[in-house]
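Visitor: Coordinates in work-v8.txt, compact mmCIF, C-alpha atoms, are listed below.
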```
# COMPACT_ATOMS: atom_id res chain seq x y z
CA MET N 19 -1.47 -18.66 12.86
CA ALA N 20 -0.74 -15.73 15.16
CA LEU N 21 2.73 -15.33 16.60
CA ASP N 22 3.24 -15.80 20.30
CA LEU N 23 3.42 -12.49 22.14
CA GLU N 24 7.19 -12.59 22.73
CA THR N 25 7.99 -13.34 19.09
CA ARG N 26 5.59 -10.65 17.93
CA GLU N 27 7.20 -8.03 20.17
CA GLN N 28 10.67 -9.04 18.98
CA LEU N 29 9.61 -8.62 15.36
CA ILE N 30 8.01 -5.23 16.03
CA SER N 31 11.13 -4.10 17.93
CA SER N 32 13.37 -5.20 15.05
CA VAL N 33 11.34 -3.19 12.54
CA ARG N 34 11.25 -0.20 14.90
CA ARG N 35 15.06 -0.24 15.18
CA PHE N 36 15.40 -0.63 11.43
CA VAL N 37 13.19 2.42 10.88
CA ASP N 38 14.99 4.55 13.48
CA GLU N 39 18.56 3.53 12.72
CA ARG N 40 18.57 2.81 8.98
CA LEU N 41 15.62 4.50 7.28
CA ARG N 42 14.98 7.82 8.97
CA PRO N 43 18.61 9.01 8.59
CA ILE N 44 18.43 8.68 4.78
CA GLU N 45 14.93 10.07 4.14
CA GLU N 46 16.28 13.26 2.57
CA GLN N 47 18.78 11.31 0.46
CA VAL N 48 16.06 9.08 -0.94
CA SER N 49 13.87 12.09 -1.69
CA GLU N 50 16.66 13.88 -3.54
CA THR N 51 17.91 10.87 -5.52
CA ASP N 52 14.50 9.24 -6.05
CA THR N 53 16.15 5.93 -5.19
CA VAL N 54 16.13 3.57 -2.22
CA PRO N 55 19.70 2.22 -1.83
CA ALA N 56 20.19 -1.42 -2.82
CA GLU N 57 21.71 -2.28 0.56
CA ILE N 58 18.54 -1.08 2.28
CA VAL N 59 16.43 -3.30 0.02
CA ASP N 60 18.69 -6.24 0.91
CA GLU N 61 18.19 -5.55 4.61
CA MET N 62 14.42 -5.49 4.07
CA LYS N 63 14.69 -8.94 2.51
CA GLU N 64 16.72 -10.21 5.46
CA LEU N 65 14.09 -8.91 7.87
CA GLY N 66 11.43 -10.86 5.98
CA LEU N 67 9.49 -7.74 5.00
CA PHE N 68 8.77 -9.02 1.48
CA GLY N 69 6.99 -12.07 2.86
CA LEU N 70 4.94 -10.70 5.75
CA SER N 71 1.63 -11.93 4.34
CA VAL N 72 2.84 -15.01 2.46
CA PRO N 73 1.94 -18.26 4.27
CA VAL N 74 4.71 -19.96 6.21
CA GLU N 75 4.58 -23.07 4.03
CA TYR N 76 5.73 -20.93 1.08
CA GLY N 77 8.57 -19.24 2.94
CA GLY N 78 6.77 -16.18 4.30
CA LEU N 79 6.05 -15.05 7.84
CA GLY N 80 2.33 -15.72 7.50
CA LEU N 81 1.34 -12.83 9.75
CA THR N 82 -2.23 -12.19 10.77
CA MET N 83 -3.83 -8.96 9.59
CA GLU N 84 -3.45 -7.49 13.06
CA GLU N 85 0.26 -8.35 13.17
CA GLU N 86 0.81 -6.89 9.72
CA CYS N 87 -0.93 -3.66 10.75
CA LEU N 88 1.19 -3.40 13.90
CA LEU N 89 4.32 -3.61 11.75
CA MET N 90 2.96 -1.02 9.34
CA PHE N 91 2.40 1.35 12.25
CA GLU N 92 6.19 1.16 12.67
CA MET N 93 7.03 1.38 8.96
CA GLY N 94 4.83 4.45 8.67
CA ARG N 95 7.11 6.43 10.98
CA THR N 96 9.44 7.07 8.06
CA SER N 97 9.07 8.04 4.41
CA PRO N 98 6.24 6.00 2.83
CA ALA N 99 8.56 5.33 -0.12
CA PHE N 100 10.37 2.69 1.93
CA ARG N 101 7.15 0.74 2.47
CA SER N 102 6.44 0.84 -1.25
CA VAL N 103 9.60 -1.15 -1.91
CA PHE N 104 7.96 -4.31 -0.57
CA GLY N 105 4.33 -3.16 -0.44
CA THR N 106 3.17 -4.85 -3.65
CA ASN N 107 4.81 -8.14 -2.60
CA VAL N 108 2.97 -8.05 0.72
CA GLY N 109 -0.35 -6.81 -0.58
CA ILE N 110 -2.00 -6.27 -3.92
CA GLY N 111 0.64 -8.04 -6.03
CA SER N 112 0.78 -11.32 -4.13
CA GLN N 113 -2.56 -11.73 -2.41
CA GLY N 114 -4.46 -12.74 -5.52
CA ILE N 115 -2.14 -15.75 -5.74
CA VAL N 116 -2.52 -16.48 -2.02
CA MET N 117 -6.32 -16.26 -2.19
CA HIS N 118 -7.16 -17.76 -5.57
CA GLY N 119 -4.02 -19.22 -7.12
CA ARG N 120 -3.74 -22.86 -8.09
CA GLN N 121 -1.37 -25.02 -6.07
CA ASP N 122 1.21 -25.04 -8.87
CA GLN N 123 1.06 -21.22 -9.06
CA LYS N 124 1.54 -20.87 -5.32
CA GLU N 125 4.53 -23.20 -5.39
CA GLU N 126 6.08 -21.42 -8.39
CA TRP N 127 5.65 -17.81 -7.27
CA LEU N 128 5.07 -17.39 -3.53
CA PRO N 129 8.47 -18.58 -2.22
CA ARG N 130 10.28 -16.17 -4.54
CA ILE N 131 7.87 -13.35 -3.71
CA ALA N 132 8.41 -13.94 0.02
CA SER N 133 12.20 -13.85 -0.31
CA GLY N 134 12.17 -10.73 -2.49
CA GLU N 135 13.76 -12.60 -5.38
CA VAL N 136 10.64 -11.72 -7.37
CA ILE N 137 9.00 -8.29 -7.24
CA ILE N 138 5.37 -8.53 -8.25
CA SER N 139 3.07 -5.64 -9.16
CA PHE N 140 -0.68 -5.27 -9.49
CA ALA N 141 -1.92 -4.13 -12.91
CA LEU N 142 -5.53 -2.97 -12.71
CA THR N 143 -5.79 0.79 -13.37
CA GLU N 144 -6.01 2.02 -16.96
CA PRO N 145 -6.08 5.43 -18.67
CA GLU N 146 -9.91 5.27 -18.76
CA ALA N 147 -10.52 2.87 -15.86
CA GLY N 148 -9.55 4.12 -12.42
CA SER N 149 -12.33 4.30 -9.87
CA ASP N 150 -14.57 2.51 -12.41
CA ALA N 151 -12.35 -0.57 -12.47
CA ALA N 152 -15.08 -2.76 -14.01
CA SER N 153 -14.86 -0.74 -17.24
CA LEU N 154 -11.27 -1.79 -18.02
CA LYS N 155 -10.51 -2.31 -21.71
CA THR N 156 -7.31 -4.39 -21.70
CA THR N 157 -8.13 -7.70 -23.36
CA ALA N 158 -6.75 -11.21 -23.00
CA ILE N 159 -8.20 -13.29 -25.83
CA ARG N 160 -7.80 -17.06 -25.86
CA ASP N 161 -5.86 -18.35 -28.87
CA GLY N 162 -5.36 -22.10 -28.59
CA ASP N 163 -3.02 -22.77 -25.68
CA HIS N 164 -2.29 -19.08 -25.18
CA TYR N 165 -3.90 -15.75 -24.38
CA VAL N 166 -3.07 -12.65 -26.43
CA ILE N 167 -3.05 -9.45 -24.35
CA ASN N 168 -3.57 -5.92 -25.66
CA GLY N 169 -3.99 -2.71 -23.68
CA THR N 170 -2.31 -0.27 -21.32
CA LYS N 171 -2.17 -0.21 -17.54
CA ARG N 172 -1.47 3.13 -15.85
CA PHE N 173 0.28 4.31 -12.65
CA ILE N 174 1.48 0.79 -11.77
CA THR N 175 3.56 0.82 -8.58
CA ASN N 176 6.95 -0.93 -8.78
CA ALA N 177 6.41 -1.74 -12.46
CA ASP N 178 9.96 -0.69 -13.31
CA LYS N 179 11.35 -3.26 -10.86
CA ALA N 180 8.72 -5.97 -11.28
CA ASN N 181 9.56 -9.48 -12.41
CA ALA N 182 5.86 -10.28 -12.79
CA PHE N 183 2.43 -8.68 -12.76
CA THR N 184 -0.91 -9.75 -11.38
CA LEU N 185 -2.93 -8.53 -14.35
CA MET N 186 -6.66 -7.89 -14.69
CA ALA N 187 -7.87 -8.17 -18.29
CA ARG N 188 -11.11 -8.76 -20.16
CA THR N 189 -11.32 -12.32 -21.49
CA ASP N 190 -14.89 -11.88 -22.74
CA PRO N 191 -15.23 -8.55 -24.58
CA GLY N 192 -18.88 -9.36 -25.22
CA THR N 193 -19.64 -9.32 -21.49
CA PRO N 194 -19.53 -5.77 -20.12
CA GLY N 195 -18.67 -4.92 -16.54
CA ALA N 196 -17.09 -7.11 -13.94
CA LYS N 197 -18.18 -10.54 -15.19
CA GLY N 198 -15.93 -10.54 -18.26
CA ILE N 199 -12.70 -9.85 -16.33
CA SER N 200 -10.08 -12.49 -15.50
CA ALA N 201 -6.80 -12.41 -13.58
CA PHE N 202 -3.39 -13.53 -14.85
CA ILE N 203 0.19 -13.86 -13.66
CA VAL N 204 2.32 -12.28 -16.39
CA PRO N 205 6.16 -12.46 -16.32
CA ARG N 206 7.98 -9.20 -17.07
CA ASP N 207 9.97 -10.78 -19.92
CA THR N 208 6.83 -11.66 -21.90
CA PRO N 209 7.35 -10.59 -25.55
CA GLY N 210 5.09 -7.66 -26.35
CA LEU N 211 5.19 -6.25 -22.80
CA THR N 212 6.90 -2.86 -22.49
CA LEU N 213 7.06 -0.14 -19.85
CA GLY N 214 6.45 3.58 -20.11
CA LYS N 215 8.64 6.20 -18.45
CA ASN N 216 8.63 6.60 -14.68
CA GLU N 217 6.17 9.34 -13.81
CA ARG N 218 7.24 12.49 -11.96
CA LYS N 219 5.12 12.65 -8.84
CA MET N 220 3.99 15.12 -6.20
CA GLY N 221 5.53 13.04 -3.40
CA GLN N 222 6.94 9.68 -2.33
CA GLN N 223 10.16 10.03 -4.29
CA GLY N 224 11.91 6.66 -4.28
CA ALA N 225 8.64 4.86 -5.06
CA HIS N 226 8.09 4.56 -8.80
CA ILE N 227 5.06 4.22 -11.05
CA CYS N 228 4.77 3.86 -14.81
CA ASP N 229 2.58 2.48 -17.59
CA VAL N 230 2.64 -1.20 -18.53
CA ILE N 231 1.87 -1.67 -22.22
CA PHE N 232 0.73 -4.91 -23.85
CA ASP N 233 0.99 -5.21 -27.64
CA ASN N 234 -0.06 -8.71 -28.73
CA ALA N 235 1.72 -10.12 -25.70
CA ARG N 236 1.31 -13.90 -25.67
CA ILE N 237 1.15 -15.84 -22.43
CA PRO N 238 0.42 -19.53 -21.90
CA ALA N 239 -3.13 -20.45 -20.88
CA SER N 240 -1.67 -21.72 -17.60
CA ALA N 241 -0.98 -18.06 -16.65
CA LEU N 242 -4.70 -17.66 -15.86
CA LEU N 243 -4.88 -17.08 -12.09
CA GLY N 244 -6.85 -19.99 -10.69
CA ASP N 245 -8.72 -22.35 -12.98
CA GLN N 246 -11.69 -20.30 -14.13
CA GLU N 247 -12.18 -17.25 -16.33
CA GLY N 248 -14.39 -14.38 -15.21
CA ARG N 249 -13.29 -14.23 -11.57
CA GLY N 250 -10.70 -11.50 -11.93
CA PHE N 251 -12.84 -8.66 -10.63
CA ILE N 252 -13.72 -10.67 -7.52
CA THR N 253 -10.01 -11.29 -6.96
CA ALA N 254 -9.20 -7.59 -7.42
CA MET N 255 -11.87 -6.44 -4.99
CA GLN N 256 -10.88 -8.95 -2.30
CA VAL N 257 -7.22 -7.98 -2.66
CA LEU N 258 -8.06 -4.28 -2.42
CA GLU N 259 -10.31 -4.81 0.61
CA ARG N 260 -7.38 -6.36 2.46
CA GLY N 261 -4.97 -3.74 1.15
CA ARG N 262 -7.09 -0.93 2.55
CA LEU N 263 -6.34 -2.08 6.09
CA HIS N 264 -2.61 -2.19 5.27
CA ILE N 265 -2.71 1.35 3.85
CA SER N 266 -4.77 2.58 6.81
CA ALA N 267 -2.09 1.29 9.17
CA ILE N 268 0.61 3.08 7.17
CA CYS N 269 -1.43 6.30 7.36
CA MET N 270 -1.53 6.05 11.13
CA GLY N 271 2.18 5.30 11.29
CA VAL N 272 2.88 8.52 9.38
CA ALA N 273 0.41 10.32 11.63
CA ASP N 274 2.30 9.05 14.68
CA ARG N 275 5.54 10.49 13.28
CA LEU N 276 3.94 13.85 12.51
CA VAL N 277 2.28 14.13 15.92
CA ALA N 278 5.58 13.33 17.65
CA ASP N 279 7.55 15.83 15.54
CA SER N 280 4.92 18.53 16.01
CA THR N 281 4.78 18.04 19.77
CA LYS N 282 8.55 18.19 20.07
CA TYR N 283 8.74 21.33 17.97
CA ALA N 284 5.94 23.01 19.95
CA ALA N 285 7.77 22.26 23.20
CA GLU N 286 11.06 23.73 21.96
CA ARG N 287 10.14 26.60 19.64
CA LYS N 288 9.77 29.89 21.52
CA GLN N 289 7.70 32.92 20.61
CA PHE N 290 6.51 35.74 22.87
CA GLY N 291 9.10 34.57 25.41
CA ALA N 292 7.71 31.04 25.87
CA PRO N 293 7.32 27.73 23.97
CA ILE N 294 4.58 27.88 21.37
CA GLY N 295 3.13 24.77 23.01
CA ASN N 296 1.89 27.07 25.77
CA LEU N 297 -0.42 28.78 23.28
CA GLN N 298 -3.90 27.34 23.43
CA LEU N 299 -4.51 27.50 19.69
CA VAL N 300 -1.37 25.42 19.12
CA GLN N 301 -2.52 23.05 21.85
CA ALA N 302 -5.84 22.67 20.02
CA MET N 303 -4.05 21.55 16.85
CA LEU N 304 -1.92 19.08 18.80
CA ALA N 305 -4.96 17.71 20.61
CA ASP N 306 -7.00 17.28 17.42
CA SER N 307 -4.12 15.44 15.78
CA ARG N 308 -3.59 13.12 18.73
CA MET N 309 -7.33 12.41 18.88
CA GLU N 310 -7.46 11.43 15.20
CA LEU N 311 -4.33 9.28 15.57
CA TYR N 312 -5.88 7.41 18.47
CA ALA N 313 -9.21 6.96 16.69
CA GLY N 314 -7.56 5.72 13.51
CA ARG N 315 -5.34 3.20 15.27
CA CYS N 316 -8.32 1.83 17.19
CA MET N 317 -10.32 1.46 13.98
CA VAL N 318 -7.53 -0.37 12.18
CA ILE N 319 -6.85 -2.83 15.01
CA ASP N 320 -10.56 -3.53 15.48
CA ALA N 321 -11.13 -4.21 11.77
CA ALA N 322 -7.97 -6.32 11.51
CA ARG N 323 -9.01 -8.47 14.47
CA ARG N 324 -12.46 -8.93 12.98
CA ARG N 325 -10.93 -10.04 9.68
CA ASP N 326 -8.62 -12.47 11.47
CA ALA N 327 -11.67 -13.90 13.23
CA GLY N 328 -13.26 -14.65 9.85
CA GLU N 329 -15.77 -11.82 9.81
CA GLU N 330 -16.74 -9.97 6.64
CA VAL N 331 -15.08 -6.54 6.96
CA GLY N 332 -15.73 -4.87 3.61
CA THR N 333 -17.50 -1.95 5.25
CA GLU N 334 -14.99 -1.69 8.09
CA SER N 335 -11.96 -1.71 5.79
CA SER N 336 -13.47 1.09 3.72
CA CYS N 337 -14.27 3.02 6.92
CA CYS N 338 -10.64 2.66 7.96
CA LYS N 339 -9.27 3.69 4.58
CA LEU N 340 -11.57 6.71 4.38
CA PHE N 341 -10.97 7.94 7.92
CA CYS N 342 -7.23 7.24 8.17
CA SER N 343 -6.26 8.67 4.78
CA GLU N 344 -8.29 11.82 5.35
CA ALA N 345 -7.07 12.14 8.95
CA VAL N 346 -3.37 11.90 8.08
CA GLY N 347 -3.92 14.66 5.52
CA ARG N 348 -5.37 16.91 8.21
CA ILE N 349 -2.59 15.96 10.63
CA ALA N 350 0.07 16.76 8.03
CA ASP N 351 -1.57 20.12 7.37
CA ARG N 352 -1.57 20.94 11.09
CA ALA N 353 2.07 19.85 11.32
CA VAL N 354 3.00 22.43 8.68
CA GLN N 355 0.98 25.06 10.55
CA ILE N 356 2.59 24.27 13.90
CA HIS N 357 6.07 24.41 12.36
CA GLY N 358 5.22 27.69 10.62
CA GLY N 359 7.83 28.76 8.08
CA ALA N 360 10.03 25.84 9.14
CA GLY N 361 7.25 23.49 8.02
CA TYR N 362 7.24 24.98 4.55
CA VAL N 363 10.95 24.61 3.86
CA ALA N 364 12.70 21.31 3.29
CA ASP N 365 15.01 21.25 6.32
CA TYR N 366 12.53 19.67 8.72
CA GLY N 367 10.96 17.25 6.23
CA ILE N 368 7.44 18.27 7.19
CA GLU N 369 6.65 19.61 3.73
CA ARG N 370 7.83 16.29 2.29
CA PHE N 371 5.37 14.34 4.43
CA TYR N 372 2.65 16.84 3.50
CA ARG N 373 3.19 15.89 -0.15
CA ASP N 374 3.74 12.19 0.54
CA VAL N 375 0.43 11.58 2.30
CA ARG N 376 -1.75 13.14 -0.39
CA ILE N 377 -1.73 9.94 -2.45
CA PHE N 378 -3.34 7.93 0.36
CA ARG N 379 -6.69 9.53 -0.47
CA LEU N 380 -6.40 8.31 -4.06
CA TYR N 381 -4.97 4.84 -4.46
CA GLU N 382 -6.62 1.55 -3.55
CA GLY N 383 -9.91 3.39 -3.89
CA THR N 384 -10.42 7.14 -3.58
CA SER N 385 -12.19 8.62 -0.56
CA GLN N 386 -15.29 9.03 -2.69
CA VAL N 387 -15.22 5.35 -3.70
CA GLN N 388 -14.97 4.39 -0.02
CA GLN N 389 -18.01 6.53 0.76
CA VAL N 390 -19.97 4.76 -1.97
CA ILE N 391 -18.91 1.31 -0.71
CA ILE N 392 -19.83 2.13 2.88
CA ALA N 393 -23.23 3.56 2.00
CA ARG N 394 -24.04 0.78 -0.47
CA ASN N 395 -23.23 -1.88 2.13
CA MET N 396 -25.33 -0.07 4.71
CA LEU N 397 -28.32 -0.07 2.37
CA LYS N 398 -27.81 -3.77 1.57
CA GLU N 399 -27.97 -4.59 5.25
CA VAL N 400 -31.45 -3.10 5.65
CA SER N 401 -32.82 -4.51 2.38
```
Could you quickly redo this structure as structure tokens?

Guide:
Amino acid sequence: MALDLETREQLISSVRRFVDERLRPIEEQVSETDTVPAEIVDEMKELGLFGLSVPVEYGGLGLTMEEECLLMFEMGRTSPAFRSVFGTNVGIGSQGIVMHGRQDQKEEWLPRIASGEVIISFALTEPEAGSDAASLKTTAIRDGDHYVINGTKRFITNADKANAFTLMARTDPGTPGAKGISAFIVPRDTPGLTLGKNERKMGQQGAHICDVIFDNARIPASALLGDQEGRGFITAMQVLERGRLHISAICMGVADRLVADSTKYAAERKQFGAPIGNLQLVQAMLADSRMELYAGRCMVIDAARRRDAGEEVGTESSCCKLFCSEAVGRIADRAVQIHGGAGYVADYGIERFYRDVRIFRLYEGTSQVQQVIIARNMLKEVS
């Protein structure tokens, strides 16, 4: 159920203040230490950020997609690493349970996910299964009242902090492709589950990824998400479709920050005896960035409202993810250009955002995957 307008505005204002007063002042610190301070994480829990998308009956805020995107516009105005702290709890980690979990699984996991007591990650990608997710090789073989899991998951966000994983594994090795894949909820303390080292990344320091390795890890049969094998790929795709709108909103939040910083710098920085904002070629870069910001925000809100109304938005969510992730990359590049040498050094933080936003074109489906989805759906509509 949507919030009333006054409550919604209060929540947005609270997140905006949190971003401006608590997060933006420590962006450089987080980048240098590769750590989000524990007190900041606690404040995120108090604000309810870990439970934005969890239904109210399980202790979350139960926001609509539109409301969640409006909040992510605000969260995007700071380092994306902060959003990653709770991102898997709000999106890909929890939503499989929300959508397809049994009642007992919802009651066991969702209240603790919403409070931040449990961090949950999404384990789909593998060393040889990225964009081709249906080719995953990790197996979960039934053995009496248990499943035995073997395989490696790669680049798993928040794995080092996770208490549990929403895992996609092949329960029927004899069935190739999507039909043999099932979903599971796997606790971190499962014997046979180990983690690789945290990867050194191009950007988003403070957000961590690493391998999750399963070596004859035994889980009870009740850990199967839902009550039927073979539905894991459907769960993964539905979770990712929703997550693409969330990521698109974050992209436009970062774009908003970059446009604001670039405009301010262009108004203050003087060359040839006047602000560089007076130069028409600089104005062109500012105008193009503002245009793409406006277009992206409109796309995200439209698709979110359609989803809230019960419409099928697979094509629209991919359009948003493709456009917004590519647009924020162009906007970040222009921001560096407008700042000149100052954009290339660390003092202004522009080069950090330039690196941070590059990942948006890769995870939750690369730009090329989004193009394939959009075109495939278009062709289905006419056939």

Visitor: Using all atoms listed in the file, which residue out of N:His357, N:Glu144, N:Asp320, N:Asp207 lies closest to Gln289 of chain N?

Guide: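 Ranking N:His357, N:Glu144, N:Asp320, N:Asp207 by distance to Gln289 of chain N, first place goes to N:His357.
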
Visitor: In terms of the shortest atom-to-atom distance over all atoms listed in the file, which of N:Ile377, N:Ile265, N:Val400, N:Leu89 is closest to Arg34 of chain N?

Guide: N:Leu89

Visitor: Between atom CA of Gly295 of chain N and atom CA of Gly359 of chain N, measure the distance and give it in Å to one decimal.

Guide: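 Going from atom CA of Gly295 of chain N over to atom CA of Gly359 of chain N covers 16.2 Å.
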
Visitor: To one decimal place, how far is atom CA of Pro55 of chain N from atom CA of Arg130 of chain N in Å?

Guide: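 These atoms are spaced 20.8 Å apart.
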
Visitor: Measuring atom to atom with all atoms listed in the file, identify which of N:Glu125, N:Asp163, N:Asp38, N:Glu330 is nearest to Pro238 of chain N.

Guide: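 Among N:Glu125, N:Asp163, N:Asp38, N:Glu330, it is N:Asp163 that comes nearest to Pro238 of chain N.
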
Visitor: Between atom CA of Leu65 of chain N and atom CA of Leu79 of chain N, what distance in Å does the model show, to one decimal?

Guide: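 Separation between atom CA of Leu65 of chain N and atom CA of Leu79 of chain N: 10.1 Å.
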